[in-house]
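Structure file structure16.txt with compact mmCIF, C-alpha atoms:
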# COMPACT_ATOMS: atom_id res chain seq x y z
CA GLY J 1 99.50 120.44 128.68
CA CYS J 2 97.18 121.40 125.86
CA GLY J 3 94.91 118.78 124.33
CA PRO J 4 95.00 117.87 120.63
CA LYS J 5 93.57 120.43 118.28
CA LYS J 6 90.25 119.52 116.73
CA SER J 7 90.12 119.16 112.97
CA ALA J 8 87.65 121.45 111.29
CA GLY J 9 84.51 119.65 110.24
CA ALA J 10 85.40 116.44 112.10
CA PRO J 11 82.98 115.88 115.03
CA THR J 12 85.11 113.09 116.47
CA LYS J 13 83.35 113.23 119.88
CA GLU J 14 80.21 111.89 118.23
CA LEU J 15 81.92 108.96 116.48
CA ASP J 16 82.18 105.40 117.72
CA THR J 17 85.42 103.44 117.33
CA PRO J 18 84.66 102.11 113.80
CA GLY J 19 83.69 105.63 112.76
CA ARG J 20 86.93 107.04 114.07
CA ILE J 21 88.91 104.39 112.19
CA ARG J 22 87.09 105.25 108.97
CA LEU J 23 87.82 108.92 109.54
CA ALA J 24 91.50 108.16 110.21
CA GLN J 25 91.68 106.09 107.03
CA SER J 26 90.17 108.96 105.09
CA TYR J 27 92.67 111.43 106.52
CA PHE J 28 95.63 109.13 105.91
CA GLY J 29 94.54 108.45 102.33
CA ALA J 30 94.33 112.18 101.73
CA GLY J 31 97.83 112.72 103.08
CA ARG J 32 96.59 114.34 106.29
CA VAL J 33 98.78 112.11 108.45
CA PRO J 34 98.88 114.16 111.68
CA GLU J 35 95.08 114.34 111.72
CA ALA J 36 94.82 110.60 111.14
CA PHE J 37 97.05 109.93 114.16
CA GLU J 38 95.10 112.44 116.24
CA VAL J 39 91.83 110.65 115.55
CA VAL J 40 93.22 107.22 116.41
CA ARG J 41 94.82 108.48 119.62
CA GLU J 42 91.45 109.95 120.62
CA ALA J 43 89.85 106.58 119.93
CA ILE J 44 92.45 104.76 122.06
CA ALA J 45 91.94 107.22 124.92
CA LYS J 46 88.23 106.38 124.90
CA ASP J 47 88.68 102.63 124.34
CA PRO J 48 92.12 101.70 125.72
CA ASP J 49 91.50 97.96 125.95
CA ASN J 50 90.48 97.55 122.32
CA ALA J 51 93.14 95.23 120.84
CA GLY J 52 91.91 95.71 117.28
CA LEU J 53 92.26 99.45 117.65
CA ARG J 54 95.85 99.06 118.89
CA ASN J 55 96.52 96.80 115.90
CA TYR J 56 95.20 99.45 113.54
CA TYR J 57 97.33 102.11 115.21
CA GLY J 58 100.34 99.83 114.74
CA GLN J 59 99.53 99.48 111.05
CA LEU J 60 99.22 103.24 110.72
CA CYS J 61 102.60 103.72 112.39
CA LEU J 62 104.12 101.11 110.08
CA LEU J 63 102.80 102.90 107.00
CA ALA J 64 104.18 106.18 108.34
CA GLY J 65 107.60 104.62 109.02
CA ARG J 66 107.32 104.99 112.80
CA LEU J 67 108.68 101.53 113.52
CA PRO J 68 109.38 101.67 117.28
CA GLU J 69 105.92 103.15 117.85
CA ALA J 70 104.39 100.48 115.61
CA ARG J 71 106.15 97.72 117.54
CA GLU J 72 104.92 99.09 120.85
CA ALA J 73 101.33 99.37 119.62
CA LEU J 74 101.28 95.85 118.19
CA GLN J 75 102.86 94.33 121.27
CA GLU J 76 100.18 96.04 123.36
CA ALA J 77 97.50 94.67 121.00
CA LEU J 78 98.85 91.17 121.58
CA ARG J 79 99.03 91.71 125.34
CA LEU J 80 95.34 92.58 125.23
CA ASP J 81 94.52 89.71 122.87
CA PRO J 82 97.25 87.07 122.34
CA TYR J 83 95.10 85.45 119.65
CA LEU J 84 94.86 88.52 117.42
CA THR J 85 96.50 86.90 114.41
CA ASP J 86 96.65 90.02 112.27
CA ALA J 87 98.76 91.71 114.94
CA HIS J 88 101.26 88.82 114.79
CA ASN J 89 101.59 89.28 111.03
CA ASN J 90 101.93 93.05 111.31
CA LEU J 91 104.45 92.75 114.13
CA GLY J 92 106.46 90.36 111.98
CA VAL J 93 106.68 92.98 109.24
CA VAL J 94 107.76 95.64 111.73
CA LEU J 95 110.42 93.43 113.32
CA ASP J 96 111.79 92.45 109.90
CA ARG J 97 112.14 96.11 108.93
CA MET J 98 113.84 96.80 112.27
CA GLY J 99 116.51 94.20 111.50
CA GLN J 100 115.14 91.42 113.70
CA PRO J 101 114.46 88.67 111.13
CA ASN J 102 114.46 85.78 113.60
CA ASP J 103 111.83 87.41 115.79
CA ALA J 104 109.89 88.38 112.67
CA GLU J 105 109.88 84.78 111.46
CA GLN J 106 108.45 83.61 114.77
CA GLU J 107 105.61 86.13 114.53
CA PHE J 108 104.77 85.02 111.00
CA LYS J 109 104.74 81.38 112.11
CA LYS J 110 102.40 82.26 114.97
CA ALA J 111 100.06 83.85 112.46
CA LEU J 112 100.07 80.71 110.33
CA GLN J 113 99.03 78.62 113.33
CA ASP J 114 95.57 80.17 113.11
CA PRO J 115 93.52 78.07 110.64
CA ALA J 116 90.77 80.71 110.66
CA TYR J 117 93.01 83.60 109.55
CA PRO J 118 91.37 84.86 106.35
CA THR J 119 94.51 85.97 104.47
CA PRO J 120 97.34 83.49 105.12
CA GLU J 121 98.72 84.26 101.65
CA LYS J 122 99.91 87.61 103.03
CA VAL J 123 101.87 85.84 105.75
CA TYR J 124 103.45 83.48 103.21
CA LEU J 125 104.44 86.48 101.09
CA ASN J 126 106.06 88.12 104.11
CA LEU J 127 107.89 84.89 104.93
CA GLY J 128 109.04 84.53 101.33
CA VAL J 129 110.47 88.04 101.27
CA LEU J 130 112.18 87.46 104.62
CA TYR J 131 113.70 84.14 103.52
CA ASP J 132 114.84 85.67 100.24
CA ALA J 133 116.66 88.46 102.07
CA GLN J 134 118.41 85.84 104.21
CA GLY J 135 119.50 83.81 101.20
CA ARG J 136 117.19 80.93 102.14
CA LEU J 137 116.07 80.66 98.55
CA ASP J 138 114.42 77.23 98.60
CA GLU J 139 112.30 78.26 101.57
CA ALA J 140 111.51 81.59 99.90
CA LEU J 141 110.42 79.82 96.75
CA SER J 142 108.21 77.45 98.72
CA ALA J 143 106.56 80.26 100.70
CA LEU J 144 105.87 82.37 97.61
CA ARG J 145 104.45 79.40 95.73
CA LYS J 146 102.16 78.77 98.68
CA ALA J 147 100.99 82.39 98.61
CA VAL J 148 99.94 82.25 94.95
CA GLU J 149 98.43 78.80 95.43
CA ILE J 150 96.13 80.17 98.14
CA ASP J 151 95.20 83.26 96.12
CA PRO J 152 95.93 83.00 92.39
CA LYS J 153 95.10 86.71 92.00
CA TYR J 154 97.59 87.87 94.62
CA TYR J 155 99.61 89.87 92.11
CA GLN J 156 102.23 91.08 94.57
CA ALA J 157 103.13 87.48 95.42
CA HIS J 158 103.32 86.59 91.71
CA TYR J 159 105.64 89.55 91.17
CA GLU J 160 107.93 88.59 94.04
CA LEU J 161 107.93 84.98 92.86
CA ALA J 162 108.79 86.10 89.32
CA GLY J 163 111.71 88.17 90.60
CA LEU J 164 113.11 85.24 92.56
CA LEU J 165 112.72 82.85 89.64
CA ASP J 166 114.39 85.43 87.41
CA ARG J 167 117.41 85.60 89.72
CA LEU J 168 117.54 81.81 89.88
CA GLY J 169 117.75 81.64 86.09
CA LYS J 170 114.32 80.00 85.71
CA LEU J 171 113.43 82.43 82.96
CA GLU J 172 110.47 80.73 81.32
CA GLU J 173 108.65 80.35 84.63
CA ALA J 174 109.67 83.88 85.62
CA ALA J 175 108.11 85.27 82.43
CA ARG J 176 104.88 83.41 83.17
CA GLU J 177 104.75 84.80 86.70
CA TYR J 178 105.50 88.33 85.53
CA GLU J 179 102.63 88.00 83.05
CA VAL J 180 100.24 86.85 85.78
CA ALA J 181 101.27 89.87 87.88
CA ALA J 182 100.45 92.29 85.04
CA PRO J 183 97.09 93.58 86.40
CA GLY J 184 98.88 94.98 89.44
CA TYR J 185 102.06 96.22 87.78
CA ARG J 186 101.61 96.88 84.06
CA ASN J 187 101.79 100.66 84.53
CA GLN J 188 105.18 100.52 86.25
CA GLY J 189 108.33 100.99 84.19
CA VAL J 190 110.43 98.65 86.35
CA TYR J 191 107.92 95.86 85.81
CA GLN J 192 107.90 96.33 82.04
CA TYR J 193 111.70 96.39 82.03
CA ARG J 194 112.01 93.17 84.00
CA LEU J 195 109.53 91.39 81.77
CA GLY J 196 111.10 92.75 78.59
CA PHE J 197 114.60 91.84 79.71
CA THR J 198 113.42 88.34 80.60
CA TYR J 199 112.00 87.88 77.10
CA PHE J 200 115.21 89.29 75.64
CA ARG J 201 117.25 86.64 77.45
CA LEU J 202 114.78 83.99 76.30
CA GLY J 203 115.39 85.07 72.71
CA ASP J 204 111.83 86.31 72.13
CA ARG J 205 112.70 89.60 70.43
CA ILE J 206 109.10 90.50 69.57
CA LYS J 207 107.87 90.40 73.17
CA ALA J 208 111.12 91.89 74.45
CA ARG J 209 110.76 94.87 72.13
CA GLU J 210 107.08 95.31 73.06
CA HIS J 211 107.76 95.56 76.80
CA LEU J 212 111.02 97.51 76.57
CA ASN J 213 109.31 100.12 74.42
CA LYS J 214 106.63 100.42 77.11
CA VAL J 215 109.31 101.23 79.67
CA VAL J 216 110.39 104.27 77.65
CA GLU J 217 106.74 105.35 77.28
CA ILE J 218 105.79 104.86 80.93
CA SER J 219 108.96 106.04 82.69
CA PRO J 220 110.87 108.40 80.39
CA GLY J 221 114.13 109.56 81.91
CA SER J 222 114.26 106.77 84.47
CA GLU J 223 117.09 104.30 84.96
CA SER J 224 114.82 101.54 83.68
CA ALA J 225 114.10 103.54 80.54
CA ALA J 226 117.83 104.10 79.95
CA GLN J 227 118.53 100.39 80.35
CA ALA J 228 115.62 99.48 78.09
CA ALA J 229 116.81 101.91 75.40
CA GLU J 230 120.30 100.40 75.53
CA ILE J 231 118.93 96.90 74.99
CA LEU J 232 116.66 98.11 72.19
CA ARG J 233 119.70 99.61 70.43
CA THR J 234 121.39 96.21 70.44
CA MET J 235 118.30 94.76 68.81
CA ASP J 236 118.26 97.20 65.86

structure tokens encoding of this file:
Amino acid sequence: GCGPKKSAGAPTKELDTPGRIRLAQSYFGAGRVPEAFEVVREAIAKDPDNAGLRNYYGQLCLLAGRLPEAREALQEALRLDPYLTDAHNNLGVVLDRMGQPNDAEQEFKKALQDPAYPTPEKVYLNLGVLYDAQGRLDEALSALRKAVEIDPKYYQAHYELAGLLDRLGKLEEAAREYEVAAPGYRNQGVYQYRLGFTYFRLGDRIKAREHLNKVVEISPGSESAAQAAEILRTMD
């Protein structure tokens, strides 16, 4: 029956809804997850019919891995505002992760029906990943190409597209897409391994060696580093 404990130094009673969201974001970014949830719940208690707030709570639950809670929050957001496109996209992600790909696809398609949605490339990425997991590779390829067409600097979409092209044996195009994705991934060993291995299969030993050596530097002791070292030994 006790109310939520107040966080020291956080005068949440004096904050409006946007202020509470900013505070929750700050807490979540600092790893103070329980306090982030506490702040958002306080905001919902004060503004229960705010669909955008429910959508944010759903996103927070998704990031924390609380999928049933995320689904409930996003469904409530859409009950309050059926035209809240971002909630359709977020709900699609949640449903996909909960093993409901058909329902997820329908939510993504609802999001794409809104011509004013500012980030449709994110929906196309989500669709591409969903189609890929289902083995619908032509549709996945089309969706991912659409994502990078809309936003040429959407590095995550370039990376997913590169991985699909790689698996389809379209190595030259895969290498190009991996290179475009570099600003978002160059410090990750797995990325450097995939790019280096692609160049190795293309017969470009100079670029292959460059990227495989980076794997060992960036991620020593990792599986990617072990695989990279093995390939480098075959090149000596």

Q: For J:Leu63, work out the shell of residues within 12 Å, counting only C-alpha atoms and skipping chain neighbours fewer than 2 positions away, then give it as an MDAnalysis selection string.
A: chainID J and resid 25 28:29 31 33 36:37 56:61 65:67 69:70 90 93:94 97

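In this comparison, which uses all atoms listed in the file, the residue of J:Tyr131, J:Tyr159, J:Tyr178, J:Tyr83 approaching J:Glu105 most closely is J:Tyr131.
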
Using all atoms listed in the file, which residues sit within 12 Å of J:Pro82 once same-chain residues fewer than 5 positions away are excluded, as a PDB file with C-alpha atoms, in the coordinates of the input?
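Ended up saving to part-v4.pdb:
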ATOM      1  CA  ALA J  51      93.140  95.230 120.840  1.00  0.00           C
ATOM      2  CA  GLY J  52      91.910  95.710 117.280  1.00  0.00           C
ATOM      3  CA  ASN J  55      96.520  96.800 115.900  1.00  0.00           C
ATOM      4  CA  LEU J  74     101.280  95.850 118.190  1.00  0.00           C
ATOM      5  CA  GLN J  75     102.860  94.330 121.270  1.00  0.00           C
ATOM      6  CA  GLU J  76     100.180  96.040 123.360  1.00  0.00           C
ATOM      7  CA  ALA J  77      97.500  94.670 121.000  1.00  0.00           C
ATOM      8  CA  ALA J  87      98.760  91.710 114.940  1.00  0.00           C
ATOM      9  CA  HIS J  88     101.260  88.820 114.790  1.00  0.00           C
ATOM     10  CA  GLU J 107     105.610  86.130 114.530  1.00  0.00           C
ATOM     11  CA  LYS J 110     102.400  82.260 114.970  1.00  0.00           C
ATOM     12  CA  ALA J 111     100.060  83.850 112.460  1.00  0.00           C
ATOM     13  CA  ASP J 114      95.570  80.170 113.110  1.00  0.00           C
TER      14      ASP J 114
END

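Note that atom CA of J:Leu112 and atom CA of J:Asp96 are 16.6 Å apart.
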
Q) Could you work out how far atom CA of J:Arg22 lies from atom CA of J:Gly92, giving the answer in Å with one decimal? A)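 Those two atoms sit 24.6 Å apart.
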
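Shortest separation to J:Ala225 among J:Gly189, J:Gly196, J:Pro68, J:Pro120 occurs at residue J:Gly189, atoms counted being only C-alpha atoms.
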
Q | Nearby residues (only C-alpha atoms) at most 12 Å from J:Glu179, same-chain spacing under 3 positions excluded, as a ChimeraX atom specification | A | /J:153,155-156,158-159,161-163,172-176,182-186,191-192,194-196,198-199,207,211

Q | Given only C-alpha atoms as the counted atoms, nearest of J:Leu127, J:Val215, J:Leu168, J:Ala181 to J:Asn102 | A | J:Leu127

Q | For J:Ala157, the nearest of the candidates J:Tyr193, J:Tyr27, J:Tyr124, J:Tyr117, counting all atoms listed in the file | A |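 Smallest distance to J:Ala157 is found for J:Tyr124.
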
Q. Expressed in Å to a single decimal, how great is the separation between atom CA of J:Leu80 and atom CA of J:Asn126?
A.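 Between atom CA of J:Leu80 and atom CA of J:Asn126 the gap is 24.1 Å.
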
Q) Which is closer to J:Leu171 than all the others in J:Leu202, J:Ala104, J:Leu95, J:Leu23, using only C-alpha atoms? A)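 Closest to J:Leu171 of all the choices is J:Leu202.
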
Could you add whatever atoms are missing so that stretch 71-85 of chain J carries N, CA and C atoms, then write the result as a tab-separated table (two decimals), keeping the file's coordinate frame?
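Dumped everything to result26.tsv:
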chain	number	residue	atom	x	y	z
J	71	ARG	N	105.86	98.92	116.74
J	71	ARG	CA	106.15	97.72	117.54
J	71	ARG	C	105.45	97.78	118.89
J	72	GLU	N	105.54	98.94	119.53
J	72	GLU	CA	104.92	99.09	120.85
J	72	GLU	C	103.41	98.90	120.78
J	73	ALA	N	102.77	99.48	119.76
J	73	ALA	CA	101.33	99.37	119.62
J	73	ALA	C	100.90	97.92	119.37
J	74	LEU	N	101.64	97.23	118.53
J	74	LEU	CA	101.28	95.85	118.19
J	74	LEU	C	101.55	94.90	119.35
J	75	GLN	N	102.60	95.15	120.08
J	75	GLN	CA	102.86	94.33	121.27
J	75	GLN	C	101.77	94.54	122.31
J	76	GLU	N	101.28	95.77	122.43
J	76	GLU	CA	100.18	96.04	123.36
J	76	GLU	C	98.90	95.36	122.87
J	77	ALA	N	98.67	95.36	121.55
J	77	ALA	CA	97.50	94.67	121.00
J	77	ALA	C	97.54	93.19	121.37
J	78	LEU	N	98.71	92.59	121.28
J	78	LEU	CA	98.85	91.17	121.58
J	78	LEU	C	98.81	90.90	123.09
J	79	ARG	N	99.19	91.86	123.89
J	79	ARG	CA	99.03	91.71	125.34
J	79	ARG	C	97.54	91.66	125.68
J	80	LEU	N	96.78	92.53	125.00
J	80	LEU	CA	95.34	92.58	125.23
J	80	LEU	C	94.63	91.35	124.66
J	81	ASP	N	95.12	90.87	123.52
J	81	ASP	CA	94.52	89.71	122.87
J	81	ASP	C	95.61	88.89	122.20
J	82	PRO	N	96.15	87.88	122.89
J	82	PRO	CA	97.25	87.07	122.34
J	82	PRO	C	96.86	86.30	121.08
J	83	TYR	N	95.55	86.22	120.81
J	83	TYR	CA	95.10	85.45	119.65
J	83	TYR	C	94.71	86.35	118.47
J	84	LEU	N	95.15	87.59	118.52
J	84	LEU	CA	94.86	88.52	117.42
J	84	LEU	C	95.89	88.28	116.31
J	85	THR	N	95.55	87.39	115.40
J	85	THR	CA	96.50	86.90	114.41
J	85	THR	C	97.04	88.01	113.52
